[in-house]
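Heads up, the thing below is written out as structure tokens.
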Amino acid sequence: MYVYNHMKMKKINIFWFKRDIRLIDNLPLFHATKNKIPTLLVYILEEELINDPHYSDIHWNFVKESIKDIDTTLGKKSVLFIKSDPINAIKKIREKFHINSVYSHQETGINLTFKRDIKFSNFCKIHSINWYQYERNHVKRGINNRKNWIKGWNKYVNEPLVNLDLNNLVILDPIIFKSDFQILSTKTLPNKNIQPGGTSNAVRYLESFLNGRIKNYSRNISKPEESRSSCSRLSPYLSWGNLSSRFVWQRTKETIKCKSLMFQINSFLSRLRWNAHFIQKFEMKPSIEFKSINRGYHLLNKKKDKRLVELWKKGETGYPLVDASILCLKETGYLNFRMRSLIVSFFTHHLWQSWQDASHFLARNFLDFEPGIHYSQLQMQSGETGINTIRIYNPTKNAIEKDKNSTFIKKWIPRLNSIPIPLIFEPWKMSLIEQKLFNCEIGKDYPHPIVQIADTRRHAIDQLWGLRKKSLVKEEKKKNS
Ligand SMILES: Cc1cc2nc3c(=O)[nH]c(=O)nc-3n(C[C@H](O)[C@H](O)[C@H](O)COP(=O)(O)OP(=O)(O)OC[C@H]3O[C@@H](n4cnc5c(N)ncnc54)[C@H](O)[C@@H]3O)c2cc1C
């Protein structure tokens, strides 16, 4: 029989990588390694999360690349990368070592990870294991108002970064556990369409942005094609924690001194603050994963139409900018802010479907899926907060204004390639002769519009503005502002 006797066992700390897969500016990692007790670095790929509808392989490939980057930086395989649930992982590790403490960041995640953390915390208490959790990007747990929050965030981003002394780290070799776990490979198939994970890549994106791409940041921010290179593209690196917000903030301030770029910088830096702001709001009101933050909108009675949902998911709505955005998202894991807003508005206003029915599909496809931003934005864009202006986007007007050369539409819907401007923005207006001439038969090569947006817009305005006048919506608005 195996007798657990921790007195004879070697003491270790565990650093549990969550959405903070980096070595730079990682406070819990610093604390886990500072007292020279050997530290086991672990990433646990959880079956429950693999099966959760928010996640897909693009996320786990990004995680693998991020871990590989850490191994490369440390010069050898250093992270124990396993498929398990956290409690079973700890149980197995305890059979070999005396766990002094577990260190990690606090996770402001979906309900599933929150419940998992409660279970894990209880397990740690029962087994006298200290679990130290640290704030992520100044997102605070247990506060009930955000009065001085911005002040604190501004202070946080200006505080010195946490530096690890990489040469003197005492890391436990993960190979010790080769008979206890199936250690996973970090190999991935290269996919040129998707941003690669890891801090080295993150820094490369940041540097190229600050040293050039930022010049057109504001001018192109809403354009579906141009924004792909003029926006920072840092979102997956921030969401998966390859970089801390503070690192990005400080590097931006150090790199750019040029006054002519001040507008772009301020615009970029305020978005960096929005990132933490929305995650903080979600931390304080995680129920928005399931229901609109404004209870007044729970009265909206949207009937699910499976056919419309499926056509939207397939990018077959008959509205070129909506379809191009969906197809692009599925292929690349990325869309700029305006196109994200547009596809959500189309789904919730023009198709009159509830944001809950779009949520998992979008999360699975956004490489940068960040629960706090995702759920807040879904509700904002569907007009269900009562706080923000209700915007019902017109996909044709947006195509004319934001994709004026139709580059984006043509790239993602090649069947429309030979249709000239402005017909390409409204292909259903082509005569039969034009359809022949441009080699695109509506209803065969490209779908008829699945709804008439002039009618659906009217309907959505009536419903949403009607509710906005109700006292419950108004009361909730005050509570949530
Ligand atoms: C329906 C919907 C869902 C979204 N889901 C996510 C998500 O899951 N994860 C995510 O990171 N962003 C999300 N966003 C916000 C935004 O679209 C992306 O952050 C942005 O497009 C990422 O591109 P970028 O890194 O080039 O941004 P940049 O414009 O270069 O901005 C820099 C950083 O600021 C933050 N940021 C930018 N815009 C916002 C915003 N509106 N709210 C909060 N933070 C912002 C991001 O971290 C971004 O990386 C969502 C927006 C909508 C409308």
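Every chain in the structure tokens takes a letter, A first, then B, and so on in the order presented; its residues are numbered from 1, and the ligands are numbered from 1 following the presented order.
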
Which neighbours of Ser229 of chain A fall inside 12 Å, counting only C-alpha atoms, when residues of the same chain fewer than 6 positions from it are skipped, and could you give them as a PDB file with C-alpha atoms, in the first residue's frame?
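Once everything was written out, this is result_35.pdb:
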```
ATOM      1  CA  TYR A 205       3.262  42.268 -33.329  1.00  0.00           C
ATOM      2  CA  LEU A 206       3.627  44.996 -30.719  1.00  0.00           C
ATOM      3  CA  SER A 208       5.681  46.318 -35.743  1.00  0.00           C
ATOM      4  CA  PHE A 209       2.586  48.188 -34.608  1.00  0.00           C
ATOM      5  CA  LEU A 210       4.455  50.814 -32.635  1.00  0.00           C
ATOM      6  CA  GLY A 212       4.877  51.769 -38.221  1.00  0.00           C
ATOM      7  CA  ARG A 213       1.424  50.209 -38.383  1.00  0.00           C
ATOM      8  CA  ILE A 214       0.033  52.625 -35.772  1.00  0.00           C
ATOM      9  CA  LYS A 215       0.254  55.541 -38.247  1.00  0.00           C
ATOM     10  CA  ASN A 216      -3.086  54.615 -39.823  1.00  0.00           C
ATOM     11  CA  TYR A 217      -4.696  53.262 -36.656  1.00  0.00           C
ATOM     12  CA  SER A 218      -7.595  55.696 -36.297  1.00  0.00           C
ATOM     13  CA  ARG A 219      -8.139  56.298 -40.006  1.00  0.00           C
ATOM     14  CA  ASN A 220      -8.618  52.590 -40.737  1.00  0.00           C
ATOM     15  CA  ILE A 221     -10.041  51.269 -37.494  1.00  0.00           C
ATOM     16  CA  SER A 222     -13.511  50.581 -38.923  1.00  0.00           C
ATOM     17  CA  LYS A 223     -12.419  49.319 -42.340  1.00  0.00           C
ATOM     18  CA  TYR A 334     -10.271  37.735 -36.347  1.00  0.00           C
ATOM     19  CA  LEU A 335     -12.507  40.652 -37.289  1.00  0.00           C
ATOM     20  CA  ASN A 336     -12.146  44.311 -36.436  1.00  0.00           C
TER      21      ASN A 336
END
```

Given only C-alpha atoms and all ligand atoms, how would the per-residue table for chain A near ligand 1 read, listing every residue at most 8 Å away with its closest atom pair and distance in Å to one decimal, sorted by chain and number, as a tab-separated table?
```
residue	atom	partner	partner_atom_place_in_ligand_line	distance
A:Tyr217	CA	ligand 1	29 (O)	7.6
A:Ile221	CA	ligand 1	29 (O)	6.9
A:Ser227	CA	ligand 1	26 (O)	7.4
A:Arg228	CA	ligand 1	26 (O)	7.0
A:Ser230	CA	ligand 1	26 (O)	7.6
A:Cys231	CA	ligand 1	26 (O)	4.0
A:Ser232	CA	ligand 1	30 (O)	3.6
A:Arg233	CA	ligand 1	26 (O)	3.3
A:Leu234	CA	ligand 1	25 (O)	3.9
A:Ser235	CA	ligand 1	49 (O)	3.2
A:Pro236	CA	ligand 1	11 (O)	6.5
A:Tyr237	CA	ligand 1	49 (O)	7.6
A:Leu238	CA	ligand 1	47 (O)	5.8
A:Ser239	CA	ligand 1	11 (O)	5.9
A:Phe268	CA	ligand 1	31 (O)	5.6
A:Leu269	CA	ligand 1	32 (C)	7.2
A:Ser270	CA	ligand 1	34 (O)	7.5
A:Arg271	CA	ligand 1	34 (O)	4.0
A:Leu272	CA	ligand 1	34 (O)	3.9
A:Arg273	CA	ligand 1	34 (O)	7.1
A:Trp274	CA	ligand 1	43 (C)	4.5
A:Asn275	CA	ligand 1	44 (N)	3.5
A:Ala276	CA	ligand 1	44 (N)	7.2
A:His277	CA	ligand 1	43 (C)	7.4
A:Phe278	CA	ligand 1	43 (C)	6.1
A:Tyr334	CA	ligand 1	21 (O)	7.6
A:Leu335	CA	ligand 1	21 (O)	6.2
A:Asn336	CA	ligand 1	21 (O)	4.1
A:Phe337	CA	ligand 1	17 (O)	3.5
A:Arg338	CA	ligand 1	53 (C)	6.7
A:Met339	CA	ligand 1	53 (C)	7.5
A:Arg340	CA	ligand 1	53 (C)	4.5
A:Ser341	CA	ligand 1	53 (C)	4.1
A:Leu342	CA	ligand 1	53 (C)	7.8
A:Ile343	CA	ligand 1	1 (C)	7.9
A:Val344	CA	ligand 1	1 (C)	6.0
A:Leu362	CA	ligand 1	3 (C)	7.7
A:Ala363	CA	ligand 1	8 (O)	6.6
A:Phe366	CA	ligand 1	8 (O)	6.4
A:Leu367	CA	ligand 1	8 (O)	7.8
A:Asp368	CA	ligand 1	9 (N)	4.6
A:Phe369	CA	ligand 1	8 (O)	3.4
A:Glu370	CA	ligand 1	8 (O)	3.9
A:Pro371	CA	ligand 1	8 (O)	6.0
A:Gly372	CA	ligand 1	8 (O)	7.4
A:Ile373	CA	ligand 1	6 (C)	5.0
A:His374	CA	ligand 1	5 (N)	3.9
A:Tyr375	CA	ligand 1	3 (C)	7.2
A:Ser376	CA	ligand 1	3 (C)	7.8
A:Gln377	CA	ligand 1	2 (C)	4.7
A:Leu378	CA	ligand 1	1 (C)	4.5
A:Met380	CA	ligand 1	53 (C)	8.0
A:Gln381	CA	ligand 1	53 (C)	6.4
```

Original post:
Which value, in Å to one decimal, gives the distance between atom CA of Asp165 of chain A and atom CA of Leu74 of chain A?
Top reply: 11.0 Å

Original post:
If you count only C-alpha atoms, which residues fall within 8 Å of Trp428 of chain A, apart from same-chain ones fewer than 6 positions away, as a list of chain:residue names?
Top reply: A:Gly318, A:Ile442, A:His448, A:Pro449

Could you write out the selected residues, including C-alpha atoms, as a PDB file, in the first residue's frame?
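The resulting file, result-v4.pdb, is shown below:
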```
ATOM      1  CA  GLY A 318     -27.309  37.485 -49.087  1.00  0.00           C
ATOM      2  CA  ILE A 442     -28.693  35.216 -57.549  1.00  0.00           C
ATOM      3  CA  HIS A 448     -31.133  36.121 -52.181  1.00  0.00           C
ATOM      4  CA  PRO A 449     -31.215  38.349 -49.072  1.00  0.00           C
TER       5      PRO A 449
END
```

Original post:
Between A:Ser354, A:Lys147, A:Arg22, A:Cys124, which is the closest to Thr73 of chain A once you count only C-alpha atoms?
Top reply: A:Arg22

**OP:** Rank nothing, just name the residue among A:Ser345, A:Cys328, A:Tyr103, A:Gly443 nearest to Ile413 of chain A, using only C-alpha atoms.
**Re:** A:Cys328

Subject >> Coordinates-based distance that separates atom CA of Thr385 of chain A from atom CA of Ile461 of chain A (Å, one decimal) >> reply: 14.7 Å

**OP:** Excluding Asn201 of chain A and residues on its chain fewer than 2 positions from it, collect all residues at most 10 Å away from it, counting only C-alpha atoms, and give them as a PyMOL selection string.
**Re:** chain A and resi 65-66+69+195-199+203-207+234+237+242

Just to be explicit: take each residue in the selection above, keep N, CA and C atoms, and write the result as a short mmCIF file (atom, residue, chain, number, x, y, z; two decimals), in the first residue's frame.
```cif
data_model
loop_
_atom_site.label_atom_id
_atom_site.label_comp_id
_atom_site.auth_asym_id
_atom_site.auth_seq_id
_atom_site.Cartn_x
_atom_site.Cartn_y
_atom_site.Cartn_z
N GLU A 65 1.23 26.80 -28.75
CA GLU A 65 2.31 27.65 -29.25
C GLU A 65 2.86 28.54 -28.14
N SER A 66 1.99 28.95 -27.26
CA SER A 66 2.43 29.83 -26.16
C SER A 66 3.33 29.05 -25.20
N ASP A 69 6.71 28.41 -26.72
CA ASP A 69 7.52 29.63 -26.67
C ASP A 69 8.22 29.76 -25.31
N GLN A 195 -3.18 34.00 -36.25
CA GLN A 195 -2.02 34.55 -35.53
C GLN A 195 -1.40 33.47 -34.65
N PRO A 196 -0.08 33.38 -34.68
CA PRO A 196 0.58 32.35 -33.86
C PRO A 196 0.71 32.81 -32.40
N GLY A 197 0.59 31.87 -31.48
CA GLY A 197 0.66 32.20 -30.06
C GLY A 197 2.09 32.37 -29.56
N GLY A 198 2.20 32.87 -28.33
CA GLY A 198 3.50 32.98 -27.68
C GLY A 198 3.98 34.42 -27.54
N THR A 199 4.71 34.65 -26.45
CA THR A 199 5.17 36.01 -26.15
C THR A 199 6.10 36.55 -27.24
N VAL A 203 5.36 40.09 -28.96
CA VAL A 203 6.28 41.24 -28.96
C VAL A 203 6.54 41.70 -30.40
N ARG A 204 6.65 40.74 -31.30
CA ARG A 204 6.84 41.07 -32.72
C ARG A 204 5.65 41.90 -33.23
N TYR A 205 4.44 41.49 -32.91
CA TYR A 205 3.26 42.27 -33.33
C TYR A 205 3.28 43.66 -32.69
N LEU A 206 3.62 43.70 -31.42
CA LEU A 206 3.63 45.00 -30.72
C LEU A 206 4.65 45.95 -31.35
N GLU A 207 5.86 45.43 -31.60
CA GLU A 207 6.92 46.29 -32.15
C GLU A 207 6.54 46.77 -33.55
N LEU A 234 -3.26 42.86 -31.08
CA LEU A 234 -2.73 42.30 -29.83
C LEU A 234 -3.76 41.51 -29.04
N TYR A 237 -3.10 38.01 -27.74
CA TYR A 237 -1.95 37.98 -26.82
C TYR A 237 -2.34 38.51 -25.44
N ASN A 242 -0.23 36.33 -23.10
CA ASN A 242 1.17 36.31 -23.58
C ASN A 242 1.85 37.64 -23.22
#
```

**OP:** Name the residues in contact with Thr33 of chain A at a cut-off of 7 Å, using only C-alpha atoms, excluding same-chain residues fewer than 6 positions from it; report them as a PyMOL selection string.
**Re:** chain A and resi 39+169-170

Residues from the last selection, N, CA and C atoms, saved as a PDB file, in the first residue's frame:
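That gives us selection_8.pdb:
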```pdb
ATOM      1  N   THR A  39      10.163  24.869  -8.572  1.00  0.00           N
ATOM      2  CA  THR A  39       8.804  25.195  -9.003  1.00  0.00           C
ATOM      3  C   THR A  39       8.421  24.330 -10.196  1.00  0.00           C
ATOM      4  N   LEU A 169      16.407  30.535 -12.241  1.00  0.00           N
ATOM      5  CA  LEU A 169      15.139  29.872 -11.899  1.00  0.00           C
ATOM      6  C   LEU A 169      15.404  28.416 -11.513  1.00  0.00           C
ATOM      7  N   VAL A 170      14.698  27.951 -10.493  1.00  0.00           N
ATOM      8  CA  VAL A 170      14.822  26.530 -10.157  1.00  0.00           C
ATOM      9  C   VAL A 170      13.497  25.861 -10.562  1.00  0.00           C
TER      10      VAL A 170
END
```
